[in-house]
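The data block below is my_file11.cif; it holds mmCIF, C-alpha atoms and all ligand atoms.
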data_protein
#
loop_
_atom_site.label_atom_id
_atom_site.label_comp_id
_atom_site.auth_asym_id
_atom_site.auth_seq_id
_atom_site.Cartn_x
_atom_site.Cartn_y
_atom_site.Cartn_z
CA MET A 1 21.27 -32.29 27.61
CA PRO A 2 17.87 -30.89 28.69
CA ALA A 3 15.22 -30.59 25.97
CA ALA A 4 15.37 -27.23 24.21
CA GLU A 5 12.92 -24.68 25.63
CA PRO A 6 10.44 -23.36 23.08
CA MET A 7 11.28 -19.83 21.94
CA GLN A 8 9.76 -17.45 24.45
CA VAL A 9 8.32 -14.73 22.26
CA ARG A 10 5.10 -12.76 22.82
CA ASP A 11 1.94 -14.64 21.87
CA ALA A 12 0.98 -11.89 19.40
CA ILE A 13 4.26 -12.35 17.55
CA ARG A 14 4.21 -16.14 17.63
CA ASP A 15 0.69 -16.10 16.18
CA LEU A 16 1.43 -13.73 13.28
CA PRO A 17 0.46 -15.52 10.09
CA ALA A 18 3.18 -16.19 7.54
CA SER A 19 2.67 -14.28 4.30
CA ARG A 20 0.79 -16.33 1.73
CA ILE A 21 2.42 -14.26 -1.00
CA ALA A 22 5.84 -15.28 0.31
CA GLU A 23 4.66 -18.90 0.35
CA ILE A 24 4.15 -18.73 -3.41
CA SER A 25 7.25 -16.69 -4.20
CA ALA A 26 9.42 -19.09 -2.16
CA LEU A 27 8.37 -21.85 -4.57
CA GLY A 28 9.30 -19.99 -7.74
CA MET A 29 11.96 -17.47 -6.72
CA GLY A 30 15.11 -17.79 -8.78
CA ASP A 31 13.47 -19.84 -11.53
CA PRO A 32 14.19 -17.87 -14.73
CA ALA A 33 11.25 -19.55 -16.48
CA VAL A 34 8.76 -17.91 -14.08
CA ILE A 35 7.11 -14.55 -14.83
CA PRO A 36 6.90 -13.10 -11.31
CA LEU A 37 3.72 -11.02 -10.89
CA TRP A 38 3.26 -11.82 -7.19
CA TYR A 39 4.73 -8.71 -5.52
CA GLY A 40 3.58 -5.11 -5.57
CA GLU A 41 6.41 -3.65 -7.57
CA GLY A 42 7.39 -3.11 -11.14
CA ASP A 43 10.41 -4.11 -13.18
CA LEU A 44 11.83 -0.62 -13.75
CA PRO A 45 14.94 0.38 -11.81
CA THR A 46 14.97 3.67 -9.92
CA PRO A 47 15.53 6.51 -12.44
CA ASP A 48 19.22 7.40 -12.81
CA PHE A 49 18.84 11.01 -11.72
CA ILE A 50 17.54 9.88 -8.32
CA GLY A 51 20.37 7.37 -7.87
CA ALA A 52 22.87 10.05 -8.88
CA ALA A 53 21.43 12.42 -6.27
CA ALA A 54 21.95 9.77 -3.55
CA THR A 55 25.53 9.19 -4.69
CA ALA A 56 26.22 12.92 -4.73
CA ALA A 57 24.77 13.26 -1.22
CA LEU A 58 27.00 10.41 0.00
CA GLU A 59 30.03 12.03 -1.57
CA ALA A 60 29.08 15.36 -0.04
CA GLY A 61 29.25 13.70 3.37
CA HIS A 62 25.55 13.49 4.26
CA THR A 63 26.15 10.38 6.34
CA PHE A 64 25.30 11.60 9.84
CA TYR A 65 22.25 11.39 12.12
CA THR A 66 19.66 13.95 11.21
CA TYR A 67 16.29 15.40 12.28
CA LYS A 68 13.83 12.79 13.57
CA ALA A 69 10.94 14.14 11.51
CA GLY A 70 13.14 14.36 8.42
CA LEU A 71 15.33 16.96 6.74
CA PRO A 72 13.54 20.34 6.77
CA GLU A 73 14.15 20.70 3.00
CA LEU A 74 12.55 17.31 2.32
CA ARG A 75 9.58 18.06 4.59
CA SER A 76 9.08 21.36 2.71
CA SER A 77 9.26 19.68 -0.68
CA ILE A 78 6.76 17.01 0.38
CA ALA A 79 4.45 19.72 1.74
CA GLY A 80 4.75 21.69 -1.53
CA TYR A 81 4.14 18.55 -3.59
CA LEU A 82 0.97 17.70 -1.63
CA THR A 83 -0.29 21.28 -1.68
CA GLY A 84 0.07 21.27 -5.47
CA LEU A 85 -1.97 18.07 -5.76
CA HIS A 86 -4.82 18.69 -3.35
CA ALA A 87 -7.62 21.15 -2.68
CA ARG A 88 -6.24 22.19 0.73
CA PRO A 89 -2.69 23.21 1.63
CA THR A 90 -0.47 20.94 3.72
CA GLY A 91 2.15 22.63 5.89
CA ALA A 92 5.66 21.23 6.38
CA GLY A 93 4.94 21.14 10.13
CA ARG A 94 2.61 18.21 9.53
CA ILE A 95 5.11 16.05 7.62
CA VAL A 96 7.03 13.18 9.22
CA VAL A 97 9.53 11.36 7.01
CA SER A 98 9.62 7.62 7.68
CA SER A 99 11.76 4.71 6.60
CA SER A 100 9.05 3.47 4.19
CA GLY A 101 5.28 3.39 4.09
CA MET A 102 5.40 0.16 6.11
CA THR A 103 7.37 1.83 8.89
CA ALA A 104 4.83 4.67 8.88
CA LEU A 105 2.06 2.10 9.41
CA MET A 106 3.99 0.56 12.27
CA LEU A 107 4.58 3.98 13.89
CA VAL A 108 0.87 4.73 13.61
CA THR A 109 -0.16 1.52 15.36
CA GLN A 110 2.48 2.11 18.05
CA ALA A 111 1.02 5.55 18.65
CA LEU A 112 -2.65 4.53 18.67
CA ILE A 113 -3.25 0.87 19.49
CA ASP A 114 -3.26 -0.52 23.03
CA ALA A 115 -3.77 -4.24 23.68
CA GLY A 116 -7.46 -4.97 23.17
CA ASP A 117 -8.11 -1.94 20.93
CA ASN A 118 -9.28 -2.52 17.41
CA LEU A 119 -8.76 -0.85 14.05
CA VAL A 120 -11.56 -1.15 11.50
CA ILE A 121 -9.99 -1.90 8.12
CA ILE A 122 -11.61 -1.86 4.69
CA ALA A 123 -10.84 -5.18 2.97
CA PRO A 124 -9.66 -7.01 0.87
CA VAL A 125 -6.47 -5.33 2.03
CA TRP A 126 -2.68 -5.56 1.94
CA PRO A 127 -2.04 -7.86 4.91
CA ASN A 128 0.71 -5.81 6.57
CA ILE A 129 -1.65 -3.30 8.17
CA ALA A 130 -3.51 -6.09 9.99
CA ALA A 131 -0.16 -7.51 11.11
CA ALA A 132 0.93 -4.11 12.46
CA VAL A 133 -2.23 -3.96 14.59
CA SER A 134 -1.73 -7.55 15.80
CA ILE A 135 1.88 -6.82 16.78
CA MET A 136 0.56 -4.20 19.21
CA GLY A 137 -1.88 -6.74 20.70
CA GLY A 138 -4.80 -5.10 18.91
CA ASP A 139 -7.61 -6.57 16.86
CA PRO A 140 -7.59 -5.85 13.11
CA ARG A 141 -11.30 -5.79 12.26
CA LEU A 142 -11.74 -6.35 8.53
CA VAL A 143 -14.92 -4.99 6.92
CA ALA A 144 -15.31 -6.24 3.36
CA LEU A 145 -16.25 -4.17 0.36
CA ASP A 146 -19.22 -5.62 -1.52
CA PRO A 147 -18.37 -7.21 -4.86
CA VAL A 148 -20.54 -5.86 -7.67
CA PRO A 149 -21.35 -7.65 -10.92
CA GLY A 150 -18.57 -7.20 -13.46
CA GLY A 151 -15.82 -7.50 -10.86
CA GLY A 152 -15.96 -4.07 -9.17
CA TRP A 153 -16.31 -3.24 -5.48
CA ARG A 154 -18.55 -0.96 -3.42
CA LEU A 155 -18.17 0.40 0.11
CA ASP A 156 -21.11 0.07 2.48
CA VAL A 157 -20.40 3.07 4.67
CA GLU A 158 -23.12 2.19 7.20
CA ARG A 159 -21.74 -1.31 7.67
CA LEU A 160 -18.27 0.20 8.16
CA PHE A 161 -19.57 2.53 10.88
CA ALA A 162 -21.57 -0.29 12.49
CA ALA A 163 -18.33 -2.28 12.90
CA CYS A 164 -16.90 0.44 15.19
CA ASP A 165 -17.38 0.01 18.93
CA ALA A 166 -16.03 1.43 22.20
CA ARG A 167 -12.58 -0.12 21.60
CA THR A 168 -12.25 1.14 18.02
CA ARG A 169 -9.38 3.61 17.68
CA GLY A 170 -9.86 4.36 14.03
CA ILE A 171 -10.70 3.37 10.48
CA PHE A 172 -8.08 2.38 7.93
CA VAL A 173 -8.66 3.11 4.26
CA ASN A 174 -6.31 2.22 1.44
CA SER A 175 -7.41 3.95 -1.77
CA PRO A 176 -6.58 3.29 -4.60
CA SER A 177 -6.61 -0.16 -3.13
CA ASN A 178 -4.11 -2.96 -3.13
CA PRO A 179 -5.38 -5.50 -4.20
CA THR A 180 -8.76 -4.47 -5.68
CA GLY A 181 -7.99 -1.14 -7.39
CA TRP A 182 -11.13 0.24 -5.70
CA MET A 183 -11.13 4.02 -5.20
CA ILE A 184 -13.05 5.78 -2.47
CA SER A 185 -15.33 8.61 -3.66
CA ALA A 186 -15.23 12.21 -2.44
CA ALA A 187 -18.68 11.72 -0.87
CA GLU A 188 -17.50 8.64 1.02
CA ILE A 189 -14.45 10.54 2.28
CA ALA A 190 -16.73 13.34 3.50
CA ALA A 191 -18.92 10.77 5.31
CA LEU A 192 -15.88 9.19 6.98
CA VAL A 193 -14.48 12.56 8.06
CA ALA A 194 -17.86 13.49 9.57
CA CYS A 195 -18.18 10.12 11.35
CA ALA A 196 -14.63 10.34 12.73
CA ARG A 197 -15.29 13.83 14.10
CA ASP A 198 -18.56 12.71 15.61
CA ARG A 199 -17.22 9.59 17.29
CA GLY A 200 -13.70 10.71 18.12
CA LEU A 201 -12.08 8.16 15.81
CA TRP A 202 -8.81 8.37 13.91
CA LEU A 203 -8.75 8.05 10.14
CA ILE A 204 -5.69 6.41 8.66
CA ALA A 205 -5.54 6.88 4.91
CA ASP A 206 -2.95 4.89 2.98
CA GLU A 207 -2.55 6.82 -0.26
CA VAL A 208 0.62 5.20 -1.61
CA TYR A 209 -1.08 4.57 -4.99
CA SER A 210 -2.69 8.01 -5.26
CA ARG A 211 -0.70 8.96 -8.39
CA ILE A 212 -1.20 5.61 -10.14
CA VAL A 213 -4.61 6.35 -11.66
CA TYR A 214 -5.94 5.78 -15.17
CA GLY A 215 -9.12 7.83 -15.55
CA ASN A 216 -9.42 11.55 -16.02
CA ARG A 217 -9.89 12.22 -12.34
CA PRO A 218 -7.19 12.22 -9.67
CA ALA A 219 -7.73 9.79 -6.83
CA PRO A 220 -9.94 11.45 -4.20
CA SER A 221 -7.77 12.18 -1.17
CA PHE A 222 -8.48 12.77 2.51
CA LEU A 223 -6.17 15.78 2.13
CA ASP A 224 -8.84 17.41 -0.07
CA HIS A 225 -11.36 17.34 2.77
CA ALA A 226 -9.91 17.33 6.26
CA GLU A 227 -8.78 20.23 8.45
CA PRO A 228 -5.21 20.17 9.79
CA ASP A 229 -6.50 19.39 13.30
CA ASP A 230 -8.70 16.48 12.26
CA ARG A 231 -7.58 13.12 13.64
CA LEU A 232 -6.23 12.12 10.26
CA ILE A 233 -2.97 10.43 9.31
CA VAL A 234 -2.18 10.08 5.60
CA ILE A 235 0.54 7.59 4.73
CA ASN A 236 2.58 7.79 1.55
CA SER A 237 5.79 6.42 0.09
CA PHE A 238 8.50 6.98 -2.48
CA SER A 239 8.27 3.27 -3.41
CA LYS A 240 5.59 3.21 -6.08
CA ASN A 241 5.69 6.67 -7.73
CA TRP A 242 9.41 6.78 -8.35
CA ALA A 243 10.30 3.03 -8.52
CA MET A 244 12.09 3.20 -5.16
CA THR A 245 10.80 0.10 -3.33
CA GLY A 246 14.26 -0.92 -2.09
CA TRP A 247 15.09 2.53 -0.73
CA ARG A 248 12.68 2.29 2.21
CA LEU A 249 11.61 5.91 2.25
CA GLY A 250 8.13 7.24 2.94
CA TRP A 251 6.24 9.88 4.87
CA MET A 252 3.05 10.67 6.71
CA VAL A 253 0.92 13.74 7.19
CA VAL A 254 -0.24 14.12 10.79
CA PRO A 255 -2.07 16.77 12.83
CA PRO A 256 0.46 19.28 14.26
CA ASP A 257 -0.13 17.98 17.82
CA LEU A 258 0.97 14.50 16.80
CA LEU A 259 4.31 15.64 15.42
CA PRO A 260 6.23 15.51 18.74
CA VAL A 261 4.72 12.07 19.43
CA MET A 262 5.92 10.77 16.08
CA GLU A 263 9.35 12.32 16.59
CA LYS A 264 9.62 10.35 19.83
CA LEU A 265 8.59 7.14 18.12
CA VAL A 266 10.98 7.69 15.21
CA GLU A 267 13.78 8.15 17.74
CA PHE A 268 13.11 4.75 19.29
CA ASN A 269 12.46 2.88 16.04
CA THR A 270 14.98 4.08 13.48
CA SER A 271 16.33 7.37 14.88
CA GLY A 272 15.59 8.85 11.48
CA SER A 273 15.73 7.88 7.82
CA PRO A 274 19.12 7.71 6.07
CA THR A 275 20.25 11.27 5.43
CA PHE A 276 21.68 10.77 1.94
CA LEU A 277 18.50 9.00 0.81
CA GLN A 278 16.44 11.94 2.02
CA HIS A 279 18.53 14.27 -0.16
CA ALA A 280 17.66 12.05 -3.14
CA GLY A 281 14.00 12.18 -2.11
CA ILE A 282 14.04 15.95 -2.62
CA VAL A 283 15.31 15.43 -6.17
CA ALA A 284 12.75 12.68 -6.86
CA ILE A 285 9.95 15.09 -6.00
CA ARG A 286 11.47 18.06 -7.82
CA GLU A 287 12.36 16.30 -11.07
CA GLY A 288 10.29 13.12 -11.03
CA GLU A 289 7.02 14.18 -12.66
CA PRO A 290 7.98 13.08 -16.21
CA PHE A 291 8.94 9.67 -14.81
CA ILE A 292 5.56 9.29 -13.07
CA THR A 293 3.78 10.24 -16.31
CA ARG A 294 5.74 7.64 -18.31
CA PHE A 295 5.34 4.98 -15.63
CA VAL A 296 1.57 5.44 -15.39
CA ALA A 297 1.22 5.34 -19.21
CA ARG A 298 3.16 2.07 -19.29
CA CYS A 299 1.02 0.64 -16.49
CA ARG A 300 -2.12 1.71 -18.34
CA ALA A 301 -1.02 -0.13 -21.49
CA ALA A 302 -0.14 -3.23 -19.41
CA ARG A 303 -3.45 -2.98 -17.55
CA ASP A 304 -5.39 -3.02 -20.80
CA VAL A 305 -3.43 -6.01 -22.09
CA ALA A 306 -4.03 -7.83 -18.79
CA ILE A 307 -7.71 -7.03 -18.45
CA ASP A 308 -8.60 -7.65 -22.11
CA GLY A 309 -6.82 -11.01 -21.96
CA LEU A 310 -8.28 -12.03 -18.61
CA GLN A 311 -11.82 -11.01 -19.55
CA ALA A 312 -11.54 -13.34 -22.54
CA CYS A 313 -10.91 -16.29 -20.21
CA ARG A 314 -14.04 -18.33 -19.64
CA ARG A 315 -13.73 -18.72 -15.86
CA VAL A 316 -12.60 -15.18 -15.04
CA GLU A 317 -14.48 -12.12 -13.84
CA VAL A 318 -12.36 -8.99 -13.48
CA ALA A 319 -12.96 -5.24 -13.58
CA ARG A 320 -10.66 -2.71 -15.22
CA PRO A 321 -9.12 -1.01 -12.18
CA GLU A 322 -9.11 2.80 -12.05
CA GLY A 323 -6.06 2.93 -9.84
CA ALA A 324 -3.02 1.01 -8.43
CA PHE A 325 -1.41 -1.67 -10.59
CA TYR A 326 -3.22 -4.90 -9.84
CA ALA A 327 -5.80 -7.07 -11.55
CA PHE A 328 -7.88 -8.78 -8.86
CA LEU A 329 -9.62 -11.58 -10.70
CA ARG A 330 -12.36 -13.88 -9.54
CA VAL A 331 -12.03 -17.41 -10.85
CA GLU A 332 -15.25 -19.36 -11.14
CA GLY A 333 -15.21 -22.59 -9.13
CA MET A 334 -11.92 -21.78 -7.34
CA THR A 335 -12.27 -22.31 -3.58
CA ASP A 336 -8.61 -22.43 -2.54
CA SER A 337 -6.68 -19.54 -4.06
CA LEU A 338 -3.40 -20.59 -2.44
CA ALA A 339 -3.57 -24.07 -4.00
CA PHE A 340 -4.64 -22.51 -7.31
CA ALA A 341 -1.72 -20.03 -7.27
CA LYS A 342 0.64 -22.96 -6.68
CA GLU A 343 -0.90 -24.74 -9.64
CA ALA A 344 -0.60 -21.62 -11.84
CA LEU A 345 3.06 -21.42 -10.88
CA ALA A 346 3.76 -25.08 -11.61
CA ARG A 347 1.74 -25.38 -14.83
CA ALA A 348 1.81 -21.87 -16.36
CA LYS A 349 5.04 -20.60 -14.80
CA VAL A 350 3.38 -17.37 -13.71
CA GLY A 351 3.68 -16.11 -10.13
CA LEU A 352 0.42 -14.72 -8.72
CA ALA A 353 -0.66 -13.76 -5.20
CA PRO A 354 -3.56 -15.80 -3.74
CA GLY A 355 -6.60 -13.67 -2.91
CA SER A 356 -6.83 -15.21 0.56
CA ALA A 357 -3.63 -13.29 1.45
CA PHE A 358 -5.81 -10.16 1.57
CA GLY A 359 -8.38 -11.42 4.09
CA PRO A 360 -11.32 -13.84 3.92
CA ALA A 361 -13.15 -11.63 1.38
CA GLY A 362 -10.26 -12.23 -1.04
CA GLU A 363 -10.77 -16.00 -1.20
CA GLY A 364 -11.89 -16.99 -4.69
CA TYR A 365 -9.62 -14.33 -6.23
CA LEU A 366 -6.04 -14.00 -7.49
CA ARG A 367 -3.95 -10.83 -7.65
CA LEU A 368 -1.77 -10.12 -10.65
CA CYS A 369 0.63 -7.15 -10.59
CA PHE A 370 0.81 -5.60 -14.08
CA ALA A 371 3.49 -2.94 -13.41
CA ARG A 372 5.67 -4.48 -16.16
CA ASP A 373 6.25 -4.00 -19.82
CA PRO A 374 3.03 -4.86 -21.67
CA GLN A 375 4.71 -7.63 -23.71
CA THR A 376 5.67 -9.56 -20.58
CA VAL A 377 2.15 -9.15 -19.24
CA ALA A 378 0.74 -10.41 -22.56
CA GLU A 379 3.00 -13.46 -22.37
CA ALA A 380 1.87 -14.14 -18.79
CA ILE A 381 -1.81 -13.93 -19.73
CA ASP A 382 -1.19 -16.26 -22.66
CA ARG A 383 0.35 -18.83 -20.35
CA LEU A 384 -2.42 -18.43 -17.76
CA ARG A 385 -5.05 -19.47 -20.30
CA THR A 386 -4.09 -23.10 -19.60
CA VAL A 387 -5.36 -22.77 -16.04
CA LEU A 388 -8.06 -20.11 -16.41
CA ASP A 389 -9.99 -21.17 -19.49
C1 LIG A 401 -1.28 -0.46 0.28
C2 LIG A 401 0.15 -0.35 0.59
N1 LIG A 401 0.54 0.44 1.57
C3 LIG A 401 1.83 0.60 1.89
C4 LIG A 401 2.80 -0.09 1.21
C5 LIG A 401 4.20 0.13 1.69
O1 LIG A 401 5.14 0.50 0.80
P1 LIG A 401 6.64 0.75 1.28
O2 LIG A 401 6.82 0.11 2.61
O3 LIG A 401 7.49 0.12 0.23
O4 LIG A 401 6.78 2.23 1.34
C6 LIG A 401 2.46 -0.96 0.19
C7 LIG A 401 3.45 -1.77 -0.52
O5 LIG A 401 3.16 -2.72 -1.21
C8 LIG A 401 1.09 -1.09 -0.14
O6 LIG A 401 0.67 -1.90 -1.12
#
Write the structure described by the file as structure tokens, please.
Amino acid sequence: MPAAEPMQVRDAIRDLPASRIAEISALGMGDPAVIPLWYGEGDLPTPDFIGAAATAALEAGHTFYTYKAGLPELRSSIAGYLTGLHARPTGAGRIVVSSSGMTALMLVTQALIDAGDNLVIIAPVWPNIAAAVSIMGGDPRLVALDPVPGGGWRLDVERLFAACDARTRGIFVNSPSNPTGWMISAAEIAALVACARDRGLWLIADEVYSRIVYGNRPAPSFLDHAEPDDRLIVINSFSKNWAMTGWRLGWMVVPPDLLPVMEKLVEFNTSGSPTFLQHAGIVAIREGEPFITRFVARCRAARDVAIDGLQACRRVEVARPEGAFYAFLRVEGMTDSLAFAKEALARAKVGLAPGSAFGPAGEGYLRLCFARDPQTVAEAIDRLRTVLD
């Protein structure tokens, strides 16, 4: 028999890095002794009333193909929801429903990135956006936030702009940030909007954590500042707000002129999001506010347990995040976060994500997801003392 030919896949796909988070979870998955804080999701199931709405929609026969941009009723409820939250109204004609926030990111890179183009991305960052750019043959150009004493992060807007060149198609901002919890300020948003107008760049704002905030102020949003015709795409998801990670349902806000483009891309990617799930999405938005309030309160309590405990560890520097549900901790003397996360898993039986999964600026850090009941988080911190003290 002739020797097997190597798999002939595109270079960009062959070269995609494996997820370092998955590398850790593969080691501990299924071990009941492990407290798994490696992924970006909580332990609460989807609220019953949302599940019941999906079941009712199935039983009512909503099992057929539907509109590419999403059910008109869902697009209207998303538009109403956003208009209620932000300083400027968002019309339903700018909403595209997608099969998750991740799919929205992929659709955006398909629409904007040619081989050789780059996207400037504020980092440390959830690795999937860089992968989406790479899949299109583009160059994900990570620009790191500056760490500030005490564990916080600051954006150097001038350095961000200086990283843009003739092949830059846009700037990607995730705020509140996974993994750092950093939140962009209103002034920084205004500067980015002005720069994008000036230089003809796209702004891609990933606001999936916009409701998961702990201070008195809502997370500043690009939807508070931009005009409908600005080259702005805001990505959002049902996953985090309503504990719906497994549903794969999200949306984006686009300029009206981009709507037909996105409809075309939806056709060739998924041909639309599952109809009965979209019906449940309407109910999640209409009746889900008390759930969000309870969920955020629980995350706040868990955050305080996590941060108080971590700050008491000798080798740890960590800030109290204002948004999202991650502690991003710097560990003194740690140079290989992947090896350290493996050690934490083996010795403390706690699953953490290595900071290097979020770009080079994340090396030296670990990410802990605290979207759990505070007692479990307290137990995890207790166990981690053996490796962090
Ligand atoms: C920053 C960020 N954006 C987007 C997503 C995508 O969420 P989903 O694909 O579940 O809608 C996630 C999920 O972890 C995320 O952390």
task: Step by step, measure atom-to-atom distances between ligand LIG 401 (chain A) and each residue using only C-alpha atoms and all ligand atoms, keep those at most 6 Å, then write them as a list in words.
output: Gly40, Ser100, Gly101, Met102, Trp126, Asn174, Asn178, Asp206, Val208, Ser237, Ser239, Thr245, Arg248 and Gly250 of chain A
- request: For Thr66 of chain A, list every protein, DNA or RNA residue within 7 Å, evaluated using all atoms listed in the file, and leave out those in the same chain fewer than 2 positions away; present the list as a VMD selection string.
  value: chain A and resid 64 68 71 272 275
- prompt: Which distance in Å separates atom CA of Pro228 of chain A and atom CA of Glu289 of chain A, to one decimal?
  reply: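 Distance between the two atoms: 26.3 Å.
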field: Straight-line distance linking atom CA of Ile292 of chain A with atom CA of Phe325 of chain A, stated in Å to one decimal
entry: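 About the pair atom CA of Ile292 of chain A and atom CA of Phe325 of chain A: they are 13.2 Å apart.
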- request: Find the spatial neighbours of Ala104 of chain A, counting all atoms listed in the file, within a cut-off of 10 Å - ignore same-chain residues fewer than 3 positions away - and output them as an NGL selection string.
  value: :A and (96-101 or 107-110 or 206 or 233-237 or 249-252 or 262 or 266)
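Every protein, DNA or RNA residue with an atom at most 10 Å from segment 73-83 of chain A, where all atoms listed in the file count and chain neighbours fewer than 5 positions away do not, is listed here: Arg88, Pro89, Thr90, Gly91, Ala92, Gly93, Arg94, Ile95, Val96, Val97, Leu223, Asp224, Trp251, Met252, Val253, Gln278, His279, Ala280, Gly281, Ile282, Val283, Ala284, Ile285 and Arg286 of chain A.
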field: Contacts of segment 128-135 of chain A within 12 Å, only C-alpha atoms, excl. fewer than 4 positions in-chain, as a count of residues only
entry: 57
- prompt: For His86 of chain A, which residue among A:Ser210, A:Asp230, A:Arg367, A:Pro290 is the nearest when counting all atoms listed in the file?
  reply: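 Among A:Ser210, A:Asp230, A:Arg367, A:Pro290, it is A:Ser210 that comes nearest to His86 of chain A.
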- line: Correct to one decimal, the distance atom CA of Leu232 of chain A-atom CA of Asn269 of chain A is 21.6 Å
query: Which of these residues is nearest to Glu227 of chain A, using only C-alpha atoms: A:Ala54, A:Val148, A:Ala378, A:Ala87?
result: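 Among the listed residues, the smallest separation from Glu227 of chain A belongs to A:Ala87.
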message: So that I can check the surroundings of Leu366 of chain A, please list as an MDAnalysis selection string every protein, DNA and RNA residue that reaches within 9 Å of it, counting only C-alpha atoms and ignoring chain neighbours fewer than 2 positions away.
response: chainID A and resid 327:331 337:338 340:341 352:356 362:364 368
message: I need the residue nearest Cys299 of chain A from this list: A:Leu85, A:Ala53, A:Cys313, A:Val213. Use only C-alpha atoms for the distance.
response: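 Result for the nearest residue to Cys299 of chain A: A:Val213.
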query: In terms of the shortest atom-to-atom distance over all atoms listed in the file, which of A:Thr46, A:Pro176, A:Gly150, A:Arg385 is closest to Val125 of chain A?
result: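 The shortest atom-to-atom distance to Val125 of chain A comes from A:Pro176.
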field: Best match for closeness to Ile50 of chain A among A:Leu259, A:Trp38, A:Arg217, A:Phe238, counting only C-alpha atoms
entry: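 Smallest distance to Ile50 of chain A is found for A:Phe238.
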Show me, as lines of an AutoDock Vina configuration file, the centre and edge lengths in Å to one decimal of the axis-aligned box that covers every listed atom of segment 324-337 of chain A with 6 Å on each side.
center_x = -8.3
center_y = -10.8
center_z = -7.0
size_x = 25.8
size_y = 35.6
size_z = 21.0
Missing atoms of segment 292-296 of chain A rebuilt to all heavy atoms, written as a PDB file, keeping the file's coordinate frame:
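Written output follows (rebuild.pdb):
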ATOM      1  N   ILE A 292       6.882   9.792 -13.501  1.00  0.00           N
ATOM      2  CA  ILE A 292       5.560   9.290 -13.070  1.00  0.00           C
ATOM      3  C   ILE A 292       4.627   9.209 -14.285  1.00  0.00           C
ATOM      4  O   ILE A 292       3.924   8.215 -14.473  1.00  0.00           O
ATOM      5  CB  ILE A 292       4.943  10.203 -11.978  1.00  0.00           C
ATOM      6  CG1 ILE A 292       5.802  10.181 -10.713  1.00  0.00           C
ATOM      7  CG2 ILE A 292       3.513   9.769 -11.648  1.00  0.00           C
ATOM      8  CD1 ILE A 292       5.297  11.070  -9.579  1.00  0.00           C
ATOM      9  N   THR A 293       4.657  10.231 -15.131  1.00  0.00           N
ATOM     10  CA  THR A 293       3.780  10.240 -16.310  1.00  0.00           C
ATOM     11  C   THR A 293       4.078   9.029 -17.214  1.00  0.00           C
ATOM     12  O   THR A 293       3.162   8.326 -17.653  1.00  0.00           O
ATOM     13  CB  THR A 293       3.967  11.554 -17.112  1.00  0.00           C
ATOM     14  OG1 THR A 293       3.729  12.640 -16.213  1.00  0.00           O
ATOM     15  CG2 THR A 293       3.034  11.643 -18.292  1.00  0.00           C
ATOM     16  N   ARG A 294       5.364   8.781 -17.448  1.00  0.00           N
ATOM     17  CA  ARG A 294       5.740   7.640 -18.310  1.00  0.00           C
ATOM     18  C   ARG A 294       5.362   6.314 -17.659  1.00  0.00           C
ATOM     19  O   ARG A 294       4.861   5.396 -18.299  1.00  0.00           O
ATOM     20  CB  ARG A 294       7.248   7.648 -18.573  1.00  0.00           C
ATOM     21  CG  ARG A 294       7.705   8.618 -19.631  1.00  0.00           C
ATOM     22  CD  ARG A 294       9.091   8.250 -20.170  1.00  0.00           C
ATOM     23  NE  ARG A 294      10.090   8.069 -19.119  1.00  0.00           N
ATOM     24  CZ  ARG A 294      10.774   9.057 -18.549  1.00  0.00           C
ATOM     25  NH1 ARG A 294      10.552  10.315 -18.908  1.00  0.00           N
ATOM     26  NH2 ARG A 294      11.667   8.809 -17.605  1.00  0.00           N
ATOM     27  N   PHE A 295       5.617   6.218 -16.352  1.00  0.00           N
ATOM     28  CA  PHE A 295       5.340   4.980 -15.630  1.00  0.00           C
ATOM     29  C   PHE A 295       3.841   4.651 -15.650  1.00  0.00           C
ATOM     30  O   PHE A 295       3.430   3.515 -15.916  1.00  0.00           O
ATOM     31  CB  PHE A 295       5.851   5.108 -14.180  1.00  0.00           C
ATOM     32  CG  PHE A 295       5.554   3.930 -13.312  1.00  0.00           C
ATOM     33  CD1 PHE A 295       6.026   2.658 -13.631  1.00  0.00           C
ATOM     34  CD2 PHE A 295       4.799   4.070 -12.148  1.00  0.00           C
ATOM     35  CE1 PHE A 295       5.747   1.561 -12.822  1.00  0.00           C
ATOM     36  CE2 PHE A 295       4.522   2.976 -11.339  1.00  0.00           C
ATOM     37  CZ  PHE A 295       4.992   1.727 -11.678  1.00  0.00           C
ATOM     38  N   VAL A 296       3.018   5.679 -15.414  1.00  0.00           N
ATOM     39  CA  VAL A 296       1.570   5.440 -15.390  1.00  0.00           C
ATOM     40  C   VAL A 296       1.077   5.056 -16.785  1.00  0.00           C
ATOM     41  O   VAL A 296       0.234   4.161 -16.937  1.00  0.00           O
ATOM     42  CB  VAL A 296       0.815   6.665 -14.817  1.00  0.00           C
ATOM     43  CG1 VAL A 296      -0.697   6.492 -14.942  1.00  0.00           C
ATOM     44  CG2 VAL A 296       1.195   6.883 -13.349  1.00  0.00           C
TER      45      VAL A 296
END
